[in-house]
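Asks: I have a structure I would like to understand better, so I am pasting it below and will then ask my questions one at a time.
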Amino acid sequence: MYYSIIRRFGTQPKLATIPKRKWRSVVGLEVHAQIASASKLFSGSGTSFGAPLNSSVAYFDASIPGTLPVLNRKCVESGIKTALALGCRVNEVSMFDRKHYFYADLPNGYQITQQRAALANNGIMTFPVITPGKKVYYKSVKLLQLQLEQDSGKSLHDEQLKRSLVDLNRAGLPLMELVFAPDLETGEEAASLVKELMLILRRLQTCSCKMEEGALRVDANISIHQEGEPLGVRTEVKNIGSVRSISQAITYEINRQLETVADGGVITNETRSWDAENRRTVAMRDKEVLQDYRFMPEPNLPPLHVNLKPGSKSTEDLLSVAALSEEIPELPEDTRQRLIEQYNLNADTSIILVNEPVLLEHFLSISRSLTQLPNKVIYNFLINDLLTYCNKLNLDVEDCSIKADDLRDILSYLHSEQINIQAARQLIELQQQNPGVKIIELIKLHNLQQICCPEAISKLCQQAIANQTKAVQQYQKGKAKALFAIVGEVGKLSNQKANMKMVVEYLEKQLKPAKK
């Protein structure tokens, strides 16, 4: 991305002093996805989030002498499925290593990972980049490596008692680490990549992707350089807790580096944390001294072999990649293409629906049950009305209490002209406030039935004509847009319940413009 950048957030650095020169930003992501499994990677203890402290800890998790790791078959299957879905080359033989570092919540003093011979390599992800106010475009990013590894425990710091305690429930949780090439340029591209990755992992059911529970964690490596010059010194931003924060954190860090350079400063190789409350990155520690992790082969785990032969089946001792590939469901991009071909949706609409899985479920359910209703009416209502309502409340669609059956009933009454679009929008809000109440009951309770009686329409129109004499004169002189004022007056008089199709027909018939 070329920069002469303007401020994008209230806390973004000031960039007015940056020379008008071409700079490029480079972004690479490392994603840790917790594998959806009932037990840990190398032990049989549970993985439930929110379990009582230190209640899901096996002897191996606590590094009791004499305990040995036993590889979880389900985790390997999930890793292979994810690798295949991301276009990776699954390796016939992969190895486990010990990565040594000393954290209080890492009982062994090392992490078991796959640094030197990973489960899979050389994947690629192609995904739509959605930036508000800009045209959607597709971006491709190389996936360098997908490896299995165990998580560390969690340190709990008591500021009052001035001591730290350790919870080992998380120690040994199964992770997939996905290392992406630095092919991204903006925060929006990074956020779009993670959004697409989450859609894929949820389709595969290999990760819950609940970032608020730590099931998906994103680290971003960011640097800037002038066009034609080598890549600049990079900083790593950690603790990014949501998709929205990914875009904000990376954009902030790019702007901070540009301002530092503009002021004559030097970018240092450091780790920074994202402060979501103040919307800025904060220095954590420098990385000038290269840490020696003293990688060594894990002596207690043999090499992991998989069967790459086409048409093979999995056995008790050997997993078949071909057999696992048959279990991969329809992926998000395939769904987008199906929506375009089968339902005649445009590309932007298909992207919006697929990016909101609940919205997609609503669309498919309603289109199946209301076959007489045009697909355009369904997706326009879901996107322009339901999604807009949720965004206004800063509410995720999946947290909205309105069910597909409720939306189907609203659209059915709208299609049969028992209610109009204003009432339909009002019913979204009423249903959210009164979950479980039938739509027809809400219509009756709040008197939302559309006025379709010809006599009532005539009376309302005559009153509107009397109230809007100036607009009537303008319309009769040939100013067609003046009719909108009269129609609006009818809407006001009827509390937006009049059948506007009948209103327009009546007014056009009554107020024929004078012939020139």
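Chain identifiers are assigned as A, B, and so on, following the order in which chains appear in the structure tokens; residues are numbered from 1 within each chain, and ligands are numbered from 1 in order of appearance.
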Show me, as a ChimeraX atom specification, the residues that have an atom within 9 Å of A:Leu483 when counting only C-alpha atoms, minus same-chain residues fewer than 5 positions from it.

Replies: /A:471-472,474-475,488,504,507-508

Asks: For those residues, write N, CA and C atoms to a file as a JSON list (two decimals), in the first residue's frame.

Replies:
[["chain", "number", "residue", "atom", "x", "y", "z"],
["A", 471, "ALA", "N", -47.39, 21.58, -3.55],
["A", 471, "ALA", "CA", -46.85, 20.40, -4.22],
["A", 471, "ALA", "C", -47.78, 19.92, -5.32],
["A", 472, "VAL", "N", -49.11, 20.03, -5.07],
["A", 472, "VAL", "CA", -50.09, 19.63, -6.08],
["A", 472, "VAL", "C", -49.94, 20.50, -7.32],
["A", 474, "GLN", "N", -47.30, 22.16, -8.33],
["A", 474, "GLN", "CA", -46.03, 21.86, -8.99],
["A", 474, "GLN", "C", -46.12, 20.57, -9.80],
["A", 475, "TYR", "N", -46.75, 19.57, -9.22],
["A", 475, "TYR", "CA", -46.89, 18.29, -9.91],
["A", 475, "TYR", "C", -47.74, 18.44, -11.17],
["A", 488, "GLY", "N", -45.59, 11.51, 0.90],
["A", 488, "GLY", "CA", -45.05, 11.60, 2.26],
["A", 488, "GLY", "C", -46.09, 12.10, 3.25],
["A", 504, "VAL", "N", -49.98, 5.91, -4.59],
["A", 504, "VAL", "CA", -49.37, 6.49, -5.80],
["A", 504, "VAL", "C", -50.33, 6.37, -6.98],
["A", 507, "LEU", "N", -53.16, 8.93, -6.53],
["A", 507, "LEU", "CA", -52.73, 10.32, -6.72],
["A", 507, "LEU", "C", -52.41, 10.60, -8.19],
["A", 508, "GLU", "N", -51.78, 9.66, -8.87],
["A", 508, "GLU", "CA", -51.46, 9.85, -10.28],
["A", 508, "GLU", "C", -52.73, 9.98, -11.12]]

Asks: Where does DSSP see helix (DSSP H, G or I) in stretch 220-434 of chain A, if you list the residues as an MDAnalysis selection string?

Replies: chainID A and resid 243:262 321:325 332:343 347:355 357:369 375:392 397:399 404:415 421:433

Asks: Can you tell me, as an mmCIF file with N, CA, C and O atoms, in the first residue's frame, what residues are no more than 7 Å from stretch 326-330 of chain A when counting only C-alpha atoms, ignoring any on the same chain fewer than 3 positions away?

Replies:
data_model
loop_
_atom_site.group_PDB
_atom_site.id
_atom_site.type_symbol
_atom_site.label_atom_id
_atom_site.label_comp_id
_atom_site.auth_asym_id
_atom_site.auth_seq_id
_atom_site.Cartn_x
_atom_site.Cartn_y
_atom_site.Cartn_z
ATOM 1 N N LYS A 81 -7.213 -31.791 7.951
ATOM 2 C CA LYS A 81 -8.364 -31.202 7.263
ATOM 3 C C LYS A 81 -8.157 -29.712 7.016
ATOM 4 O O LYS A 81 -8.453 -29.202 5.926
ATOM 5 N N ARG A 203 -16.476 -24.001 9.393
ATOM 6 C CA ARG A 203 -17.074 -24.976 8.474
ATOM 7 C C ARG A 203 -16.484 -26.371 8.727
ATOM 8 O O ARG A 203 -17.195 -27.371 8.702
ATOM 9 N N LEU A 204 -15.167 -26.408 8.944
ATOM 10 C CA LEU A 204 -14.490 -27.683 9.181
ATOM 11 C C LEU A 204 -14.758 -28.231 10.575
ATOM 12 O O LEU A 204 -14.512 -29.404 10.848
ATOM 13 N N ALA A 322 -6.258 -38.929 1.922
ATOM 14 C CA ALA A 322 -7.328 -39.024 0.922
ATOM 15 C C ALA A 322 -8.687 -39.214 1.587
ATOM 16 O O ALA A 322 -9.686 -38.611 1.191
ATOM 17 N N ALA A 323 -8.733 -40.081 2.604
ATOM 18 C CA ALA A 323 -9.997 -40.324 3.305
ATOM 19 C C ALA A 323 -10.467 -39.065 4.036
ATOM 20 O O ALA A 323 -11.659 -38.744 4.042
ATOM 21 N N ASP A 334 -16.720 -21.550 -2.208
ATOM 22 C CA ASP A 334 -17.612 -22.402 -2.999
ATOM 23 C C ASP A 334 -19.069 -21.998 -2.780
ATOM 24 O O ASP A 334 -19.875 -22.003 -3.718
ATOM 25 N N THR A 335 -19.402 -21.651 -1.535
ATOM 26 C CA THR A 335 -20.764 -21.207 -1.235
ATOM 27 C C THR A 335 -21.085 -19.912 -1.961
ATOM 28 O O THR A 335 -22.188 -19.741 -2.492
#

Asks: Fewer than 6 positions away in the same chain doesn't count, so skip those; otherwise give me all residues within 8 Å of stretch 372-381 of chain A, counting only C-alpha atoms, as an MDAnalysis selection string.

Replies: chainID A and resid 343 345 349 363 366 411 415

Asks: Ranking A:Ser55, A:Ser312, A:Thr82, A:Ser458 by minimum distance to A:Leu199 and counting only C-alpha atoms, which one comes first?

Replies: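 That would be A:Thr82, the residue with the smallest distance to A:Leu199.
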
Asks: With the cut-off set at 9 Å and counting only C-alpha atoms, tabulate each residue of stretch 137-225 of chain A with an atom at most that distance from an atom of stretch 243-252 of chain A, showing the nearest atom pair and its distance in Å to one decimal, ordered by chain and increasing number, as CSV.

Replies:
residue,atom,partner,partner_atom,distance
A:Thr186,CA,A:Thr251,CA,6.7
A:Gly187,CA,A:Ser247,CA,3.9
A:Glu188,CA,A:Ser247,CA,5.2
A:Glu189,CA,A:Ser247,CA,7.8
A:Ala190,CA,A:Ser247,CA,6.6
A:Ala191,CA,A:Ser247,CA,5.4
A:Ser192,CA,A:Val243,CA,8.2
A:Val194,CA,A:Val243,CA,7.0
A:Lys195,CA,A:Val243,CA,6.8
A:Met211,CA,A:Val243,CA,8.5
A:Val218,CA,A:Ile246,CA,7.9
A:Asp219,CA,A:Ile246,CA,9.0
A:Ala220,CA,A:Ile250,CA,7.4
A:Asn221,CA,A:Ile250,CA,8.8
A:Ile222,CA,A:Ile250,CA,7.3

Asks: A:Gln205, A:Gln496, A:Thr131, A:Asn307: which is nearest A:Glu92, counting only C-alpha atoms?

Replies: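 Distance minimum relative to A:Glu92 lands on A:Asn307.
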
Asks: What does the structure give for the distance between atom CA of A:Ile124 and atom CA of A:Leu144, in Å to one decimal?

Replies: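 Atom CA of A:Ile124 sits 8.3 Å away from atom CA of A:Leu144.
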
Asks: Which residues, written as a short mmCIF file (atom, residue, chain, number, x, y, z; two decimals) with N, CA and C atoms, in the first residue's frame, have at least one atom at most 9 Å from A:Leu165, with only C-alpha atoms counted and residues fewer than 6 positions away on the same chain left out?

Replies:
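Listed below is the output, around37.cif:
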data_model
loop_
_atom_site.label_atom_id
_atom_site.label_comp_id
_atom_site.auth_asym_id
_atom_site.auth_seq_id
_atom_site.Cartn_x
_atom_site.Cartn_y
_atom_site.Cartn_z
N ASP A 105 4.40 -20.40 33.83
CA ASP A 105 3.23 -21.24 33.54
C ASP A 105 3.54 -22.32 32.50
N LYS A 154 -1.52 -20.39 32.34
CA LYS A 154 -1.90 -18.99 32.46
C LYS A 154 -1.48 -18.47 33.84
N SER A 155 -0.76 -17.35 33.85
CA SER A 155 -0.36 -16.72 35.11
C SER A 155 -1.41 -15.71 35.54
N LEU A 156 -1.77 -15.75 36.81
CA LEU A 156 -2.75 -14.83 37.37
C LEU A 156 -2.04 -13.95 38.40
N HIS A 157 -2.08 -12.67 38.19
CA HIS A 157 -1.32 -11.74 39.03
C HIS A 157 -2.25 -11.02 40.00
N ASP A 158 -1.97 -11.14 41.28
CA ASP A 158 -2.74 -10.49 42.33
C ASP A 158 -1.99 -9.24 42.75
#

Asks: Mind pulling up the distance from atom CA of A:Leu364 to atom CA of A:Pro332?

Replies: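 Interatomic distance here is 14.5 Å.
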
Asks: For A:Asp409, please output as number ranges by chain all residues within 8 Å (counting only C-alpha atoms; exclusion window: fewer than 4 positions along the same chain).

Replies: A: 405, 413, 439

Asks: Would you kindly return, as a ChimeraX atom specification, each protein, DNA or RNA residue with an atom no farther than 12 Å from any atom of A:Val90, considering only C-alpha atoms and excluding same-chain residues fewer than 2 positions away?

Replies: /A:76-77,79-88,92-94,117-123,144-147,304-309,319-322,324-325
